[in-house]
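What's in protein_13.cif: mmCIF, C-alpha atoms (C1' of nucleotides)
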data_structure
#
loop_
_atom_site.label_atom_id
_atom_site.label_comp_id
_atom_site.auth_asym_id
_atom_site.auth_seq_id
_atom_site.Cartn_x
_atom_site.Cartn_y
_atom_site.Cartn_z
CA MET A 542 0.00 0.00 0.00
CA LYS A 543 1.42 3.32 -1.08
CA THR A 544 1.30 6.34 1.17
CA ASP A 545 -0.76 9.16 -0.21
CA TYR A 546 1.59 12.09 -0.18
CA LEU A 547 -1.01 14.44 -1.57
CA ASP A 548 -3.19 13.58 1.36
CA ILE A 549 -0.48 14.22 3.91
CA ILE A 550 0.35 17.56 2.37
CA ARG A 551 -3.25 18.65 2.16
CA LYS A 552 -3.94 17.58 5.71
CA ALA A 553 -1.10 19.87 6.70
CA GLY A 554 -2.98 22.71 5.02
CA LEU A 555 -0.46 23.06 2.23
CA ARG A 556 -0.71 23.18 -1.50
CA ALA A 557 0.52 20.09 -3.23
CA THR A 558 3.46 21.36 -5.23
CA PRO A 559 5.79 18.96 -7.02
CA GLN A 560 8.63 19.97 -4.71
CA ARG A 561 6.67 19.16 -1.57
CA ILE A 562 5.48 15.88 -2.94
CA ALA A 563 9.06 14.94 -3.74
CA ILE A 564 10.27 15.94 -0.29
CA CYS A 565 7.57 13.95 1.50
CA GLU A 566 8.07 11.01 -0.80
CA TYR A 567 11.76 10.92 -0.10
CA LEU A 568 11.38 11.38 3.63
CA ILE A 569 8.77 8.76 4.12
CA ASP A 570 10.18 6.13 1.77
CA THR A 571 13.78 6.27 2.94
CA ASP A 572 15.10 4.50 5.97
CA SER A 573 18.00 6.93 6.15
CA HIS A 574 17.70 9.90 8.47
CA PRO A 575 18.49 12.75 6.14
CA THR A 576 19.44 16.33 6.82
CA ALA A 577 17.91 19.18 4.85
CA ASN A 578 21.01 19.22 2.70
CA ASP A 579 20.80 15.46 2.05
CA ILE A 580 17.33 15.95 0.68
CA TYR A 581 18.49 18.92 -1.35
CA MET A 582 21.29 16.98 -2.98
CA LYS A 583 19.05 14.03 -3.66
CA LEU A 584 16.39 16.07 -5.38
CA LYS A 585 18.31 18.74 -7.24
CA ASP A 586 18.69 16.56 -10.33
CA ARG A 587 14.96 16.33 -10.66
CA PHE A 588 14.38 19.93 -9.56
CA PRO A 589 17.37 21.97 -10.68
CA SER A 590 15.97 25.18 -9.27
CA LEU A 591 15.02 23.69 -5.92
CA SER A 592 16.10 25.79 -2.97
CA LEU A 593 17.05 24.83 0.55
CA ALA A 594 14.57 27.36 1.85
CA THR A 595 11.73 25.32 0.41
CA ILE A 596 13.05 22.19 2.05
CA TYR A 597 13.40 23.79 5.47
CA ASN A 598 10.00 25.33 5.05
CA THR A 599 8.31 22.04 4.22
CA LEU A 600 10.22 20.18 6.89
CA ASP A 601 9.11 22.63 9.56
CA VAL A 602 5.49 22.15 8.68
CA MET A 603 5.78 18.38 8.55
CA VAL A 604 7.41 18.30 11.95
CA GLY A 605 4.77 20.65 13.31
CA MET A 606 2.08 18.30 12.04
CA GLY A 607 3.76 15.25 13.51
CA TYR A 608 4.39 13.52 10.18
CA VAL A 609 8.13 13.76 10.58
CA ASN A 610 10.34 13.66 13.66
CA ALA A 611 13.24 16.04 14.17
CA LEU A 612 16.04 14.05 15.74
CA GLY A 613 18.54 16.89 16.12
CA SER A 614 22.23 16.83 15.44
CA ILE A 615 24.40 13.78 16.03
CA GLY A 616 27.77 15.43 16.24
CA ASP A 617 27.70 16.87 12.76
CA ASP A 618 25.91 20.09 13.67
CA THR A 619 22.98 19.54 11.36
CA VAL A 620 19.51 18.39 12.16
CA HIS A 621 18.51 14.93 11.03
CA PHE A 622 14.91 14.09 10.23
CA ASP A 623 13.00 10.85 10.49
CA GLY A 624 10.04 10.13 8.26
CA ASN A 625 9.27 6.99 10.19
CA THR A 626 7.08 8.02 13.08
CA SER A 627 6.24 4.51 14.18
CA PRO A 628 7.62 3.67 17.62
CA HIS A 629 11.29 2.76 17.42
CA ILE A 630 14.71 3.59 18.80
CA ASN A 631 17.23 5.56 16.78
CA LEU A 632 20.83 4.60 17.35
CA ALA A 633 23.34 7.19 16.18
CA CYS A 634 27.07 6.95 15.75
CA THR A 635 28.68 10.28 16.53
CA LYS A 636 31.75 9.29 14.59
CA CYS A 637 30.43 8.15 11.22
CA HIS A 638 27.16 10.06 11.62
CA THR A 639 24.95 7.15 10.75
CA ILE A 640 21.59 6.46 12.34
CA ILE A 641 19.98 3.04 12.44
CA ASP A 642 16.56 1.99 13.64
CA LEU A 643 15.85 -0.55 16.33
CA LYS A 644 12.42 -2.00 16.77
CA SER A 645 11.30 -1.88 20.35
CA GLU A 646 8.06 -2.69 22.02
CA LEU A 647 9.16 -0.48 24.90
CA VAL A 648 8.94 2.65 22.79
CA ALA A 649 5.34 1.90 21.92
CA GLN A 650 4.62 1.62 25.63
CA LEU A 651 6.48 4.88 26.21
CA ASP A 652 4.36 6.61 23.59
CA SER A 653 1.10 5.64 25.20
CA GLU A 654 2.42 6.38 28.67
CA ILE A 655 3.11 9.97 27.60
CA ASP A 656 -0.20 10.32 25.83
CA GLN A 657 -2.04 9.23 28.91
CA ILE A 658 -0.30 11.10 31.69
CA SER A 659 1.29 14.21 30.22
CA GLY A 660 -1.53 16.44 29.06
CA TYR A 661 0.70 17.55 26.20
CA ARG A 662 -0.35 17.62 22.59
CA VAL A 663 2.54 15.45 21.49
CA LEU A 664 3.90 16.31 18.04
CA GLY A 665 6.95 14.13 17.86
CA ALA A 666 9.53 12.08 19.60
CA ARG A 667 13.25 11.89 19.72
CA VAL A 668 14.12 8.50 21.12
CA LEU A 669 17.76 8.44 20.21
CA TYR A 670 20.82 6.89 21.77
CA TYR A 671 24.18 8.11 20.61
CA GLY A 672 27.61 6.60 20.87
CA ILE A 673 30.22 4.79 18.84
CA CYS A 674 29.10 2.02 16.55
CA PRO A 675 30.91 -1.35 16.52
CA GLN A 676 32.64 -0.55 13.25
CA CYS A 677 33.97 2.81 14.42
CA GLN A 678 35.12 1.25 17.68
CA SER A 679 37.43 -1.12 15.87
CA THR A 680 38.53 1.40 13.24
CA ASN A 681 39.48 3.50 16.28
CA MET B 1244 25.81 13.34 49.21
CA LYS B 1245 27.54 15.93 47.07
CA THR B 1246 28.84 15.12 43.64
CA ASP B 1247 32.57 15.43 43.29
CA TYR B 1248 32.99 17.77 40.37
CA LEU B 1249 36.76 17.61 40.52
CA ASP B 1250 36.51 13.89 40.09
CA ILE B 1251 34.22 14.11 37.10
CA ILE B 1252 36.47 16.63 35.41
CA ARG B 1253 39.62 14.66 36.08
CA LYS B 1254 38.04 11.44 34.87
CA ALA B 1255 37.35 13.28 31.65
CA GLY B 1256 41.08 13.94 31.36
CA LEU B 1257 40.71 17.66 31.92
CA ARG B 1258 42.38 20.11 34.23
CA ALA B 1259 40.17 21.30 37.02
CA THR B 1260 39.83 25.00 36.32
CA PRO B 1261 37.38 27.11 38.31
CA GLN B 1262 35.35 27.71 35.16
CA ARG B 1263 34.93 24.03 34.47
CA ILE B 1264 34.03 23.27 38.03
CA ALA B 1265 31.38 25.97 37.94
CA ILE B 1266 29.97 24.68 34.65
CA CYS B 1267 29.75 21.11 35.90
CA GLU B 1268 28.31 22.22 39.18
CA TYR B 1269 25.60 24.20 37.49
CA LEU B 1270 24.78 21.50 34.98
CA ILE B 1271 24.53 18.70 37.44
CA ASP B 1272 22.73 20.54 40.19
CA THR B 1273 20.07 22.18 38.10
CA ASP B 1274 16.90 20.49 36.96
CA SER B 1275 16.56 22.99 34.12
CA HIS B 1276 17.87 22.00 30.71
CA PRO B 1277 20.11 24.91 29.92
CA THR B 1278 21.65 26.07 26.67
CA ALA B 1279 25.26 27.18 26.47
CA ASN B 1280 24.06 30.74 26.71
CA ASP B 1281 21.94 30.01 29.78
CA ILE B 1282 25.03 28.76 31.53
CA TYR B 1283 27.00 31.74 30.34
CA MET B 1284 24.51 34.22 31.72
CA LYS B 1285 24.23 32.36 34.98
CA LEU B 1286 27.97 32.32 35.58
CA LYS B 1287 29.19 35.61 34.20
CA ASP B 1288 28.64 37.40 37.52
CA ARG B 1289 31.03 35.06 39.21
CA PHE B 1290 33.39 34.89 36.22
CA PRO B 1291 33.23 38.24 34.46
CA SER B 1292 35.74 37.19 31.84
CA LEU B 1293 34.12 33.86 31.11
CA SER B 1294 33.69 33.14 27.43
CA LEU B 1295 31.14 31.12 25.56
CA ALA B 1296 33.95 29.26 23.85
CA THR B 1297 34.99 27.76 27.16
CA ILE B 1298 31.45 26.66 27.84
CA TYR B 1299 31.01 24.98 24.48
CA ASN B 1300 34.40 23.40 24.88
CA THR B 1301 33.63 21.94 28.28
CA LEU B 1302 30.16 20.87 27.24
CA ASP B 1303 31.49 18.94 24.27
CA VAL B 1304 33.86 16.99 26.43
CA MET B 1305 31.23 16.25 29.05
CA VAL B 1306 28.85 14.97 26.40
CA GLY B 1307 31.62 12.90 24.86
CA MET B 1308 32.28 11.34 28.24
CA GLY B 1309 28.62 10.62 28.87
CA TYR B 1310 28.30 12.87 31.92
CA VAL B 1311 25.88 15.18 30.16
CA ASN B 1312 23.25 14.50 27.54
CA ALA B 1313 22.75 16.74 24.52
CA LEU B 1314 19.03 17.00 23.91
CA GLY B 1315 19.17 19.17 20.81
CA SER B 1316 17.00 22.13 19.93
CA ILE B 1317 13.35 22.33 20.87
CA GLY B 1318 12.21 24.89 18.38
CA ASP B 1319 14.46 27.66 19.64
CA ASP B 1320 17.46 26.78 17.48
CA THR B 1321 19.81 26.21 20.37
CA VAL B 1322 20.99 23.00 21.89
CA HIS B 1323 19.74 22.15 25.36
CA PHE B 1324 21.83 20.05 27.72
CA ASP B 1325 20.81 17.71 30.50
CA GLY B 1326 23.10 17.06 33.44
CA ASN B 1327 20.77 14.38 34.70
CA THR B 1328 21.81 11.18 32.98
CA SER B 1329 19.61 8.90 35.04
CA PRO B 1330 16.88 7.22 33.00
CA HIS B 1331 13.98 9.58 32.42
CA ILE B 1332 11.81 11.11 29.76
CA ASN B 1333 12.22 14.74 28.72
CA LEU B 1334 9.03 16.49 27.71
CA ALA B 1335 9.57 19.67 25.74
CA CYS B 1336 7.14 22.40 24.81
CA THR B 1337 8.05 23.83 21.42
CA LYS B 1338 6.09 26.97 22.20
CA CYS B 1339 7.41 28.11 25.58
CA HIS B 1340 10.66 26.18 25.21
CA THR B 1341 10.46 24.50 28.56
CA ILE B 1342 11.60 20.97 29.28
CA ILE B 1343 10.33 18.90 32.16
CA ASP B 1344 11.43 15.50 33.38
CA LEU B 1345 9.21 12.46 33.74
CA LYS B 1346 10.35 9.50 35.73
CA SER B 1347 9.86 6.30 33.82
CA GLU B 1348 10.77 2.74 34.53
CA LEU B 1349 10.46 2.07 30.82
CA VAL B 1350 13.47 4.23 30.02
CA ALA B 1351 15.62 2.24 32.41
CA GLN B 1352 14.53 -0.89 30.56
CA LEU B 1353 15.29 0.81 27.27
CA ASP B 1354 18.79 1.67 28.46
CA SER B 1355 19.66 -1.87 29.32
CA GLU B 1356 18.02 -3.20 26.17
CA ILE B 1357 20.35 -1.04 24.10
CA ASP B 1358 23.39 -1.91 26.16
CA GLN B 1359 22.72 -5.59 25.67
CA ILE B 1360 21.83 -5.84 22.01
CA SER B 1361 23.41 -2.93 20.19
CA GLY B 1362 27.15 -3.40 20.39
CA TYR B 1363 27.49 0.37 20.57
CA ARG B 1364 29.54 2.18 23.17
CA VAL B 1365 26.62 4.30 24.29
CA LEU B 1366 27.58 7.83 25.33
CA GLY B 1367 24.22 9.41 25.86
CA ALA B 1368 20.53 9.39 25.27
CA ARG B 1369 17.94 11.72 23.97
CA VAL B 1370 14.59 10.44 25.12
CA LEU B 1371 12.54 13.48 24.39
CA TYR B 1372 8.95 14.02 23.39
CA TYR B 1373 8.01 17.41 22.02
CA GLY B 1374 4.70 19.12 21.65
CA ILE B 1375 2.51 21.77 23.21
CA CYS B 1376 2.22 21.86 26.97
CA PRO B 1377 -1.20 22.19 28.65
CA GLN B 1378 -0.59 25.82 29.52
CA CYS B 1379 0.36 26.82 25.98
CA GLN B 1380 -2.61 24.90 24.60
CA SER B 1381 -5.04 27.05 26.55
CA THR B 1382 -3.12 30.30 26.06
CA ASN B 1383 -3.35 29.43 22.37
"C1'" DT C 1178 -8.12 35.82 -10.06
"C1'" DT C 1179 -6.54 35.26 -5.70
"C1'" DT C 1180 -3.72 33.36 -2.62
"C1'" DT C 1181 0.10 30.50 -1.52
"C1'" DG C 1182 4.66 28.79 -2.58
"C1'" DT C 1183 9.15 29.18 -4.78
"C1'" DG C 1184 13.84 30.61 -5.20
"C1'" DC C 1185 17.34 33.74 -4.66
"C1'" DA C 1186 20.39 36.41 -1.90
"C1'" DA C 1187 21.24 38.51 2.08
"C1'" DA C 1188 20.77 38.28 7.12
"C1'" DC C 1189 20.86 35.96 11.46
"C1'" DG C 1190 22.48 33.58 15.52
"C1'" DT C 1191 24.74 29.71 17.29
"C1'" DT C 1192 28.83 27.43 17.47
"C1'" DT C 1193 33.76 26.98 16.16
"C1'" DT C 1194 38.51 28.35 15.41
"C1'" DG C 1195 43.24 30.61 15.86
"C1'" DC C 1196 46.20 32.61 18.70
"C1'" DA C 1197 48.41 35.18 22.53
"C1'" DA C 1198 48.12 35.48 27.39
"C1'" DT C 1199 47.17 32.89 31.52
"C1'" DT C 1200 46.94 29.14 34.72
"C1'" DA C 1201 46.89 24.27 36.59
"C1'" DT C 1202 49.85 20.69 37.49
"C1'" DA D 1413 58.82 24.54 33.79
"C1'" DT D 1414 55.56 22.50 30.87
"C1'" DA D 1415 51.60 21.67 28.75
"C1'" DA D 1416 46.79 22.65 28.80
"C1'" DT D 1417 43.15 26.19 29.07
"C1'" DT D 1418 41.25 30.57 28.74
"C1'" DG D 1419 39.22 34.49 26.36
"C1'" DC D 1420 38.85 37.37 22.67
"C1'" DA D 1421 37.69 38.41 18.00
"C1'" DA D 1422 36.72 36.85 13.81
"C1'" DA D 1423 35.07 33.22 10.94
"C1'" DA D 1424 32.15 29.54 9.72
"C1'" DC D 1425 28.16 27.18 9.15
"C1'" DG D 1426 23.28 25.83 9.21
"C1'" DT D 1427 19.04 27.92 9.06
"C1'" DT D 1428 15.75 31.81 8.37
"C1'" DT D 1429 13.81 35.84 6.17
"C1'" DG D 1430 12.11 39.34 2.62
"C1'" DC D 1431 10.63 40.01 -1.60
"C1'" DA D 1432 9.61 39.57 -6.64
"C1'" DC D 1433 8.14 35.98 -9.67
"C1'" DA D 1434 5.61 31.72 -10.58
"C1'" DA D 1435 2.18 28.43 -9.90
"C1'" DA D 1436 -1.82 26.06 -7.50
"C1'" DA D 1437 -6.54 26.43 -6.34
#
Hey, can you dump this file as structure tokens for me?
Amino acid sequence: MKTDYLDIIRKAGLRATPQRIAICEYLIDTDSHPTANDIYMKLKDRFPSLSLATIYNTLDVMVGMGYVNALGSIGDDTVHFDGNTSPHINLACTKCHTIIDLKSELVAQLDSEIDQISGYRVLGARVLYYGICPQCQSTN
Amino acid sequence: MKTDYLDIIRKAGLRATPQRIAICEYLIDTDSHPTANDIYMKLKDRFPSLSLATIYNTLDVMVGMGYVNALGSIGDDTVHFDGNTSPHINLACTKCHTIIDLKSELVAQLDSEIDQISGYRVLGARVLYYGICPQCQSTN
DNA sequence: TTTTGTGCAAACGTTTTGCAATTAT
DNA sequence: ATAATTGCAAAACGTTTGCACAAAA
């Protein structure tokens, strides 16, 4: 089943421009955890005139709507985004700047715990552990 | 029981300067989640010549050693730090830029889950949910 | 036709860097 | 004495903003 990007964009109160569709498509289909610049570089072939401003703009709205999580920087001073909002752990290596996903039933429990007791309108989560990955540990 | 700041700093391989002691002291005693600038403003009375560079410098090392967690930005474009590395949830309001702590047994379980299965040398965690706090929801 | 979005370039603010003077060990 | 740290100023970098043009509804 394919996600309906048009629907997501419209639900966010935005007009469905080709750029936005492409950004959402990339974010939600990838299992990488791209920065704004990653998305920019990935899409500039298809949209030569695409600007970073548009990407940041779209990203902000998506995060504000809860369709995308903002994970923050992982030692590279740029914000990484996560189009996968299902409950999981993000594991980041601060050396090679890679983020992997870990399924965890505990995160799902965490989500509902917060929903029930916090009183917050929760927009997103940042369940991220950072450290040195096995590969970078041996590469020293 | 008082935390031994000298010890923490020395374990990090750093010289125990008054500035560093003050930074650690503030970070670990407070239950706020300060930015570098928060710390700067808090300490500049006692250390008129203190510079932000020193704060960022010290912070980086503390995070790298796992004594402080870097939570990232919460909509205010500045990184917030958490001197409390015991397992808990951080709940951030992206409107008033406040972070509160929530005790959670689930996070402790999460911590050990990661330790056991990941193979990473874990340096820190960022268990943070963001959204709109009850107060900001009504203030609209 | 009206309103919203795009893209560019310039601005902004946080964080980093280089270096001389200072300080901990 | 020696090597690390500070603080300053300037630079760097990611991100945001303002505005004229273009495009979606």
For C:DT1179, list every protein, DNA or RNA residue within 12 Å, evaluated using only C-alpha atoms (C1' of nucleotides), and leave out those in the same chain fewer than 4 positions away; present the list as a short mmCIF file (atom, residue, chain, number, x, y, z; two decimals) with C-alpha atoms (C1' of nucleotides), in the frame of the given file.
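Everything below was put into part.cif:
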data_model
loop_
_atom_site.label_atom_id
_atom_site.label_comp_id
_atom_site.auth_asym_id
_atom_site.auth_seq_id
_atom_site.Cartn_x
_atom_site.Cartn_y
_atom_site.Cartn_z
"C1'" DA D 1435 2.18 28.43 -9.90
"C1'" DA D 1436 -1.82 26.06 -7.50
"C1'" DA D 1437 -6.54 26.43 -6.34
#
Please list as a VMD selection string every residue within 12 Å of stretch 1194-1197 of chain C, counting only C-alpha atoms (C1' of nucleotides) and excluding residues in the same chain fewer than 5 positions away. (chain B and resid 1296 1300) or (chain D and resid 1418 to 1424)
Selected by the PyMOL selection byres ((chain A and resi 632) around 7) in the shown coordinates: which residues, as a PyMOL selection string? chain A and resi 630-631+633-634+640-642+669-671
Applied to the shown file, which residues does the PyMOL selection byres ((chain D and resi 1434) around 12) return, written as a ChimeraX atom specification? /A:558 /C:1181-1184 /D:1432-1433,1435-1436
Determine, counting all atoms listed in the file, which protein, DNA and RNA residues have an atom within 12 Å of an atom of A:Ser573; residues of the same chain fewer than 2 positions away are not included. Present the result as a ChimeraX atom specification. /A:567-571,575-576,579-580,621-625,631-633,638-642
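The protein and nucleic acid residues lying at most 9 Å from D:DG1426 are Asp618, Thr619 and Val620 of chain A, with all atoms listed in the file considered and sequence neighbours fewer than 2 positions away removed.
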List the residues sitting within 10 Å of (8.4, 18.8, 7.3) in the file's frame, using only C-alpha atoms (C1' of nucleotides), as a PyMOL selection string. chain A and resi 550+553+561+564-565+568+577+596-611+622-624
Hey, can you pull every residue with an atom no more than 9 Å from (17.2, 30.1, 10.7), using only C-alpha atoms (C1' of nucleotides), and send it as a VMD selection string? (chain B and resid 1320) or (chain C and resid 1189 to 1190) or (chain D and resid 1426 to 1429)
Here's the selection I'm unsure about, the PyMOL selection byres ((chain D and resi 1416) around 10); applied to the file above, which residues does it give, as a count of residues only? 9
Residues of chain B within 7 Å of chain A, counting all atoms listed in the file, as a PyMOL selection string: chain B and resi 1315-1316+1349+1353+1362-1377
Could the residues in this selection be written to a file with C-alpha atoms, as a CSV table (one decimal), in the coordinates of the input?
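Wrote result07.csv, looks like this:
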chain,number,residue,atom,x,y,z
B,1315,GLY,CA,19.2,19.2,20.8
B,1316,SER,CA,17.0,22.1,19.9
B,1349,LEU,CA,10.5,2.1,30.8
B,1353,LEU,CA,15.3,0.8,27.3
B,1362,GLY,CA,27.2,-3.4,20.4
B,1363,TYR,CA,27.5,0.4,20.6
B,1364,ARG,CA,29.5,2.2,23.2
B,1365,VAL,CA,26.6,4.3,24.3
B,1366,LEU,CA,27.6,7.8,25.3
B,1367,GLY,CA,24.2,9.4,25.9
B,1368,ALA,CA,20.5,9.4,25.3
B,1369,ARG,CA,17.9,11.7,24.0
B,1370,VAL,CA,14.6,10.4,25.1
B,1371,LEU,CA,12.5,13.5,24.4
B,1372,TYR,CA,9.0,14.0,23.4
B,1373,TYR,CA,8.0,17.4,22.0
B,1374,GLY,CA,4.7,19.1,21.6
B,1375,ILE,CA,2.5,21.8,23.2
B,1376,CYS,CA,2.2,21.9,27.0
B,1377,PRO,CA,-1.2,22.2,28.6
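The spacing separating atom CA of B:Leu1249 from atom CA of A:Asp617 amounts to 29.2 Å.
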How big is the axis-aligned box, and where does its centre sit, when it encloses all atoms of stretch 1366-1383 of chain B listed in the file and has 5 Å added on every side, reported in Å to one decimal as JSON?
{"center_x": 11.3, "center_y": 19.1, "center_z": 25.6, "size_x": 42.6, "size_y": 32.5, "size_z": 17.9}
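Taking atom CA of A:Tyr546 and atom CA of A:Leu584 as the two end points, the separation is 16.2 Å.
In this structure, atom CA of B:Leu1295 sits 9.2 Å away from atom C1' of C:DT1192.
When all atoms listed in the file are used to measure the gap to A:Phe588, the shortest distance among A:His574, A:Arg551, A:Glu566, A:Gln560 belongs to A:Gln560.
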